[in-house]
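To keep things clear, I will list the structure first and then write my remarks on it.
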Amino acid sequence: MNTLSQPLTLSQIKEALLRIRPLVHKTPLQSCRTLSEMSGKNVYLKLENMQKTGSFKLRGAANMIYGLQAKDAGRGIICASAGNHAQGVAWAAKARNIPAVVVMPSHAPHAKVRATEAYGAKVYLYGASYDDAYAYALQMQQQEQMKFIHAFDDEAVMAGQGTIALEIMAKLFDVDAIVAPVGGGGLLAGIAVAVKEHNPKIKVIGVQAAGAAAMAQSLKQGSIIGLNTVQTIADGIAVKRPGDLTFQYIKKYVDDIVTVTDEEIQEGMLYLLERGKLTAEGAGAAGVAALLAQKLRVTAKNMAVLVSGGNVDPLLLSSIITARHRQSTSA
């Protein structure tokens, strides 16, 4: 097992918040009456779908990129991403005037590809999954000697994502549970470190797609395992293998990880759209999906559920709405 040479700390997450504060939105923490009534808890939604670039990923990317020394920034940067990290990296790189290359899976949503290019990055499409794109990006990085910006397995990236928890705890001082999606683990690890070093009594719950449950299975196994394939509507958390570092933080700090099916994720997306007038992608709706499906095994009075992103392909959202309409008319 790998050891943590420079462990992520609450102090580093607070420093990250100071660094990125001029660059990111302090997103709303909004109470949700219907979810509260249904669950018997006071439920609040942390709306990172309203973040710049439409996702929390900007936080980690900005912290990493604005923390680079000039010699590393001058080499240019490269990353692999299913889409949201790509946009965060492209936006932050443009803001700091650094050339950026992004490798995305060949099936990446067109909206995310177009947005990444619009922010100024050069995009390459490769492979059937994030992991395929990641391997190709590493090859390019070695050839071109650019600085690699990992999507999740990096303490600076985790620290940026952990700033979300600082905002939640500052606004809802008596929060006793925070729910967040998990793929490679950068978001959940950063939140967990911030929460548990601030108040160990606050529960941290991860939600993972059943068709890409590498982190959940790794925790059950007690060591990292990789999946041969992943299949889920939640492309933002469709990762075959957890990060080496993120796995250790999550194993140490996270109280539970539950899984949701694609059907449950779609219900979460539709619920947010119909009841909250909020657009969420599959990963962004995972926490709400787990709440609706009554899969959160935690006793809490005040629960914050992260809506992590809203960059959904319009065609996909349209197909989900159409399918729901057909079901309702045929019932």
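To be explicit about the labels: the chains of the structure tokens are called A, B, and onward in the order shown, and within each one the residues are counted from 1, while ligands get numbers from 1 in the order they are shown.
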
**Report entry** Shell around Tyr134 in chain A at 10 Å using only C-alpha atoms, local window under 3 positions removed, as a ChimeraX atom specification
**Finding:** /A:79-82,102-105,126-127,129-131,137-140,150-151

Save the residues we just selected, C-alpha atoms, as a PDB file, in the first residue's frame?
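And here is the file that came out, again-v2.pdb:
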```pdb
ATOM      1  CA  CYS A  79      -4.937  16.521 -18.668  1.00  0.00           C
ATOM      2  CA  ALA A  80      -7.348  13.677 -19.303  1.00  0.00           C
ATOM      3  CA  SER A  81     -11.018  14.121 -18.527  1.00  0.00           C
ATOM      4  CA  ALA A  82     -14.519  12.888 -19.209  1.00  0.00           C
ATOM      5  CA  VAL A 102      -6.998  17.955 -23.087  1.00  0.00           C
ATOM      6  CA  VAL A 103      -7.624  14.303 -23.951  1.00  0.00           C
ATOM      7  CA  MET A 104     -11.243  13.167 -23.662  1.00  0.00           C
ATOM      8  CA  PRO A 105     -12.916   9.802 -24.360  1.00  0.00           C
ATOM      9  CA  TYR A 126      -9.283   8.952 -27.666  1.00  0.00           C
ATOM     10  CA  GLY A 127     -10.570   5.648 -26.301  1.00  0.00           C
ATOM     11  CA  SER A 129     -13.360   5.520 -21.280  1.00  0.00           C
ATOM     12  CA  TYR A 130     -11.629   8.055 -19.060  1.00  0.00           C
ATOM     13  CA  ASP A 131      -8.929   5.490 -18.322  1.00  0.00           C
ATOM     14  CA  ALA A 137      -2.571  11.726 -22.238  1.00  0.00           C
ATOM     15  CA  LEU A 138       0.341  10.299 -20.234  1.00  0.00           C
ATOM     16  CA  GLN A 139       2.026   9.245 -23.482  1.00  0.00           C
ATOM     17  CA  MET A 140       1.609  12.739 -24.900  1.00  0.00           C
ATOM     18  CA  HIS A 150      -4.555  14.881 -12.779  1.00  0.00           C
ATOM     19  CA  ALA A 151      -8.340  14.850 -12.591  1.00  0.00           C
TER      20      ALA A 151
END
```

Report task. Check the DSSP output for the backbone and give back, as JSON, numbers by chain, the residues of range 184-271 of chain A in helix (DSSP H, G or I). Result -> {"A": [186, 187, 188, 189, 190, 191, 192, 193, 194, 195, 196, 197, 198, 210, 211, 212, 214, 215, 216, 217, 218, 219, 220, 221, 235, 236, 237, 244, 245, 246, 247, 248, 249, 250, 251, 252, 253, 262, 263, 264, 265, 266, 267, 268, 269, 270, 271]}

Report task. Using only C-alpha atoms, determine which residues lie at most 10 Å from Ile250 in chain A, disregarding the query and same-chain residues fewer than 6 positions distant; provide the list as a PyMOL selection string. Result -> chain A and resi 182+185-186+188-193+204-206+215+219+256-257

Report task. Could you tell me which of A:Gln12, A:Asn302, A:Ser328, A:Thr163 comes closest to Ser31 in chain A if we count only C-alpha atoms? Result -> A:Asn302

Query raised in the report: Which one is closest to Gly60 in chain A: A:Gly74, A:Gly310, A:Gly160, A:Gly222? Count only C-alpha atoms.
Result: A:Gly160

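For Leu227 in chain A, the residues within 8 Å (counting only C-alpha atoms, excluding itself and residues fewer than 2 positions away along the chain) are Ala212, Ala214, Ile225, Thr229, Val230, Lys240 and Arg241 of chain A.
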
**Report entry** CA of Ile178 in chain A to CA of Met38 in chain A, distance in Å rounded to a single decimal
**Finding:** 17.5 Å

Query - From A:Ala159, A:Ile202, A:Val113, A:Ile321, residue lying nearest Leu172 in chain A [only C-alpha atoms] - result: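 Nearest to Leu172 in chain A: A:Ile202.
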
Requested in this report: Within 8 Å of Ile168 in chain A, counting only C-alpha atoms, which residues show up once you throw out same-chain ones fewer than 3 positions away? Write them as a ChimeraX atom specification, please.
Outcome: /A:29,46,164-165,171-173,175,304

Expected file: the selected residues, all heavy atoms, as an mmCIF file, in the first residue's frame:
```
data_model
loop_
_atom_site.group_PDB
_atom_site.id
_atom_site.type_symbol
_atom_site.label_atom_id
_atom_site.label_comp_id
_atom_site.auth_asym_id
_atom_site.auth_seq_id
_atom_site.Cartn_x
_atom_site.Cartn_y
_atom_site.Cartn_z
ATOM 1 N N LEU A 29 -26.232 27.383 -1.245
ATOM 2 C CA LEU A 29 -26.648 26.232 -0.444
ATOM 3 C C LEU A 29 -28.134 26.439 -0.192
ATOM 4 O O LEU A 29 -28.528 27.284 0.606
ATOM 5 C CB LEU A 29 -25.871 26.157 0.865
ATOM 6 C CG LEU A 29 -26.169 24.943 1.750
ATOM 7 C CD1 LEU A 29 -25.688 23.660 1.079
ATOM 8 C CD2 LEU A 29 -25.504 25.096 3.117
ATOM 9 N N LYS A 46 -26.185 21.798 -2.288
ATOM 10 C CA LYS A 46 -25.032 22.643 -2.621
ATOM 11 C C LYS A 46 -24.892 22.637 -4.134
ATOM 12 O O LYS A 46 -24.539 21.624 -4.744
ATOM 13 C CB LYS A 46 -23.770 22.106 -1.943
ATOM 14 C CG LYS A 46 -22.497 22.888 -2.252
ATOM 15 C CD LYS A 46 -22.575 24.348 -1.809
ATOM 16 C CE LYS A 46 -21.188 25.019 -1.935
ATOM 17 N NZ LYS A 46 -21.261 26.475 -1.707
ATOM 18 N N ILE A 164 -15.387 23.128 -1.112
ATOM 19 C CA ILE A 164 -16.848 23.037 -1.090
ATOM 20 C C ILE A 164 -17.333 22.793 0.334
ATOM 21 O O ILE A 164 -18.305 23.395 0.792
ATOM 22 C CB ILE A 164 -17.330 21.909 -2.024
ATOM 23 C CG1 ILE A 164 -17.025 22.255 -3.477
ATOM 24 C CG2 ILE A 164 -18.820 21.634 -1.833
ATOM 25 C CD1 ILE A 164 -17.247 21.113 -4.440
ATOM 26 N N ALA A 165 -16.648 21.881 1.040
ATOM 27 C CA ALA A 165 -17.042 21.566 2.414
ATOM 28 C C ALA A 165 -16.884 22.775 3.323
ATOM 29 O O ALA A 165 -17.710 22.988 4.227
ATOM 30 C CB ALA A 165 -16.214 20.394 2.938
ATOM 31 N N LYS A 171 -21.785 28.073 6.112
ATOM 32 C CA LYS A 171 -23.174 28.506 5.924
ATOM 33 C C LYS A 171 -24.126 27.718 6.820
ATOM 34 O O LYS A 171 -25.082 28.278 7.373
ATOM 35 C CB LYS A 171 -23.551 28.315 4.451
ATOM 36 C CG LYS A 171 -24.930 28.818 4.069
ATOM 37 C CD LYS A 171 -24.948 30.309 3.820
ATOM 38 C CE LYS A 171 -26.303 30.796 3.346
ATOM 39 N NZ LYS A 171 -26.583 30.414 1.957
ATOM 40 N N LEU A 172 -23.891 26.414 6.959
ATOM 41 C CA LEU A 172 -24.755 25.533 7.748
ATOM 42 C C LEU A 172 -23.902 24.963 8.874
ATOM 43 O O LEU A 172 -23.385 23.854 8.793
ATOM 44 C CB LEU A 172 -25.308 24.419 6.853
ATOM 45 C CG LEU A 172 -26.363 23.484 7.448
ATOM 46 C CD1 LEU A 172 -27.625 24.242 7.825
ATOM 47 C CD2 LEU A 172 -26.681 22.356 6.476
ATOM 48 N N PHE A 173 -23.751 25.759 9.938
ATOM 49 C CA PHE A 173 -22.773 25.424 10.973
ATOM 50 C C PHE A 173 -23.128 24.148 11.725
ATOM 51 O O PHE A 173 -22.259 23.493 12.302
ATOM 52 C CB PHE A 173 -22.629 26.590 11.968
ATOM 53 C CG PHE A 173 -23.854 26.838 12.812
ATOM 54 C CD1 PHE A 173 -24.001 26.229 14.048
ATOM 55 C CD2 PHE A 173 -24.845 27.690 12.360
ATOM 56 C CE1 PHE A 173 -25.122 26.465 14.825
ATOM 57 C CE2 PHE A 173 -25.981 27.928 13.140
ATOM 58 C CZ PHE A 173 -26.120 27.304 14.371
ATOM 59 N N VAL A 175 -24.492 21.397 10.274
ATOM 60 C CA VAL A 175 -24.611 20.265 9.356
ATOM 61 C C VAL A 175 -24.054 19.015 10.028
ATOM 62 O O VAL A 175 -23.035 19.070 10.710
ATOM 63 C CB VAL A 175 -23.873 20.553 8.030
ATOM 64 C CG1 VAL A 175 -22.369 20.732 8.234
ATOM 65 C CG2 VAL A 175 -24.130 19.445 7.007
ATOM 66 N N ALA A 304 -26.450 18.048 3.848
ATOM 67 C CA ALA A 304 -26.113 18.775 2.628
ATOM 68 C C ALA A 304 -25.804 17.775 1.527
ATOM 69 O O ALA A 304 -24.972 16.880 1.712
ATOM 70 C CB ALA A 304 -24.913 19.692 2.861
#
```

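Nearest-residue note for Arg21 in chain A: choosing from A:Asp72, A:Glu264, A:Asp153, A:Glu167, the minimum distance belongs to A:Glu167, counting only C-alpha atoms.
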
Requested in this report: Using DSSP on the backbone coordinates, identify the residues of range 184-288 of chain A assigned to strand (DSSP E or B); present them as number ranges by chain.
Outcome: A: 203-209, 256-260

Please write the residues from the selection above to a file, keeping N, CA, C and O atoms, as a PDB file, in the first residue's frame.
```
ATOM      1  N   LYS A 203     -20.919  13.232   9.361  1.00  0.00           N
ATOM      2  CA  LYS A 203     -20.824  12.070   8.488  1.00  0.00           C
ATOM      3  C   LYS A 203     -20.557  12.499   7.049  1.00  0.00           C
ATOM      4  O   LYS A 203     -21.091  13.510   6.573  1.00  0.00           O
ATOM      5  N   VAL A 204     -19.739  11.715   6.368  1.00  0.00           N
ATOM      6  CA  VAL A 204     -19.451  11.949   4.959  1.00  0.00           C
ATOM      7  C   VAL A 204     -19.823  10.685   4.185  1.00  0.00           C
ATOM      8  O   VAL A 204     -19.295   9.603   4.457  1.00  0.00           O
ATOM      9  N   ILE A 205     -20.732  10.837   3.240  1.00  0.00           N
ATOM     10  CA  ILE A 205     -21.255   9.709   2.491  1.00  0.00           C
ATOM     11  C   ILE A 205     -20.975   9.909   1.002  1.00  0.00           C
ATOM     12  O   ILE A 205     -21.268  10.972   0.443  1.00  0.00           O
ATOM     13  N   GLY A 206     -20.417   8.886   0.360  1.00  0.00           N
ATOM     14  CA  GLY A 206     -20.191   8.925  -1.074  1.00  0.00           C
ATOM     15  C   GLY A 206     -21.277   8.169  -1.811  1.00  0.00           C
ATOM     16  O   GLY A 206     -21.842   7.207  -1.299  1.00  0.00           O
ATOM     17  N   VAL A 207     -21.568   8.608  -3.041  1.00  0.00           N
ATOM     18  CA  VAL A 207     -22.541   7.930  -3.889  1.00  0.00           C
ATOM     19  C   VAL A 207     -21.881   7.623  -5.227  1.00  0.00           C
ATOM     20  O   VAL A 207     -21.336   8.525  -5.872  1.00  0.00           O
ATOM     21  N   GLN A 208     -21.948   6.365  -5.617  1.00  0.00           N
ATOM     22  CA  GLN A 208     -21.274   5.926  -6.838  1.00  0.00           C
ATOM     23  C   GLN A 208     -22.261   5.209  -7.750  1.00  0.00           C
ATOM     24  O   GLN A 208     -23.213   4.570  -7.285  1.00  0.00           O
ATOM     25  N   ALA A 209     -22.052   5.344  -9.050  1.00  0.00           N
ATOM     26  CA  ALA A 209     -22.896   4.639 -10.018  1.00  0.00           C
ATOM     27  C   ALA A 209     -22.632   3.141  -9.927  1.00  0.00           C
ATOM     28  O   ALA A 209     -21.485   2.698  -9.889  1.00  0.00           O
ATOM     29  N   ASP A 256     -19.320   6.015   4.585  1.00  0.00           N
ATOM     30  CA  ASP A 256     -20.032   5.005   3.804  1.00  0.00           C
ATOM     31  C   ASP A 256     -20.037   5.422   2.337  1.00  0.00           C
ATOM     32  O   ASP A 256     -19.963   6.614   2.022  1.00  0.00           O
ATOM     33  N   ILE A 257     -20.120   4.425   1.456  1.00  0.00           N
ATOM     34  CA  ILE A 257     -20.357   4.669   0.040  1.00  0.00           C
ATOM     35  C   ILE A 257     -21.511   3.780  -0.392  1.00  0.00           C
ATOM     36  O   ILE A 257     -21.509   2.574  -0.127  1.00  0.00           O
ATOM     37  N   VAL A 258     -22.502   4.364  -1.028  1.00  0.00           N
ATOM     38  CA  VAL A 258     -23.639   3.615  -1.546  1.00  0.00           C
ATOM     39  C   VAL A 258     -23.642   3.729  -3.067  1.00  0.00           C
ATOM     40  O   VAL A 258     -23.007   4.634  -3.636  1.00  0.00           O
ATOM     41  N   THR A 259     -24.333   2.817  -3.713  1.00  0.00           N
ATOM     42  CA  THR A 259     -24.407   2.841  -5.175  1.00  0.00           C
ATOM     43  C   THR A 259     -25.838   3.063  -5.627  1.00  0.00           C
ATOM     44  O   THR A 259     -26.800   2.691  -4.946  1.00  0.00           O
ATOM     45  N   VAL A 260     -25.968   3.677  -6.796  1.00  0.00           N
ATOM     46  CA  VAL A 260     -27.279   3.934  -7.401  1.00  0.00           C
ATOM     47  C   VAL A 260     -27.259   3.451  -8.843  1.00  0.00           C
ATOM     48  O   VAL A 260     -26.238   3.537  -9.528  1.00  0.00           O
TER      49      VAL A 260
END
```

Requested in this report: For CA of Gly309 in chain A and CA of Ala280 in chain A, quote the distance in Å rounded to one decimal.
Outcome: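 A separation of 5.9 Å between them.
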
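You can rank A:Gly76, A:Gly282, A:Gly268, A:Pro7 by their closest distance to Thr232 in chain A using only C-alpha atoms, and at the top of that list sits A:Gly282.
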
Report summary line: One residue among A:Ala100, A:Glu197, A:Ala115, A:Met146 is nearest to Gly162 in chain A when using only C-alpha atoms, and that residue is A:Glu197
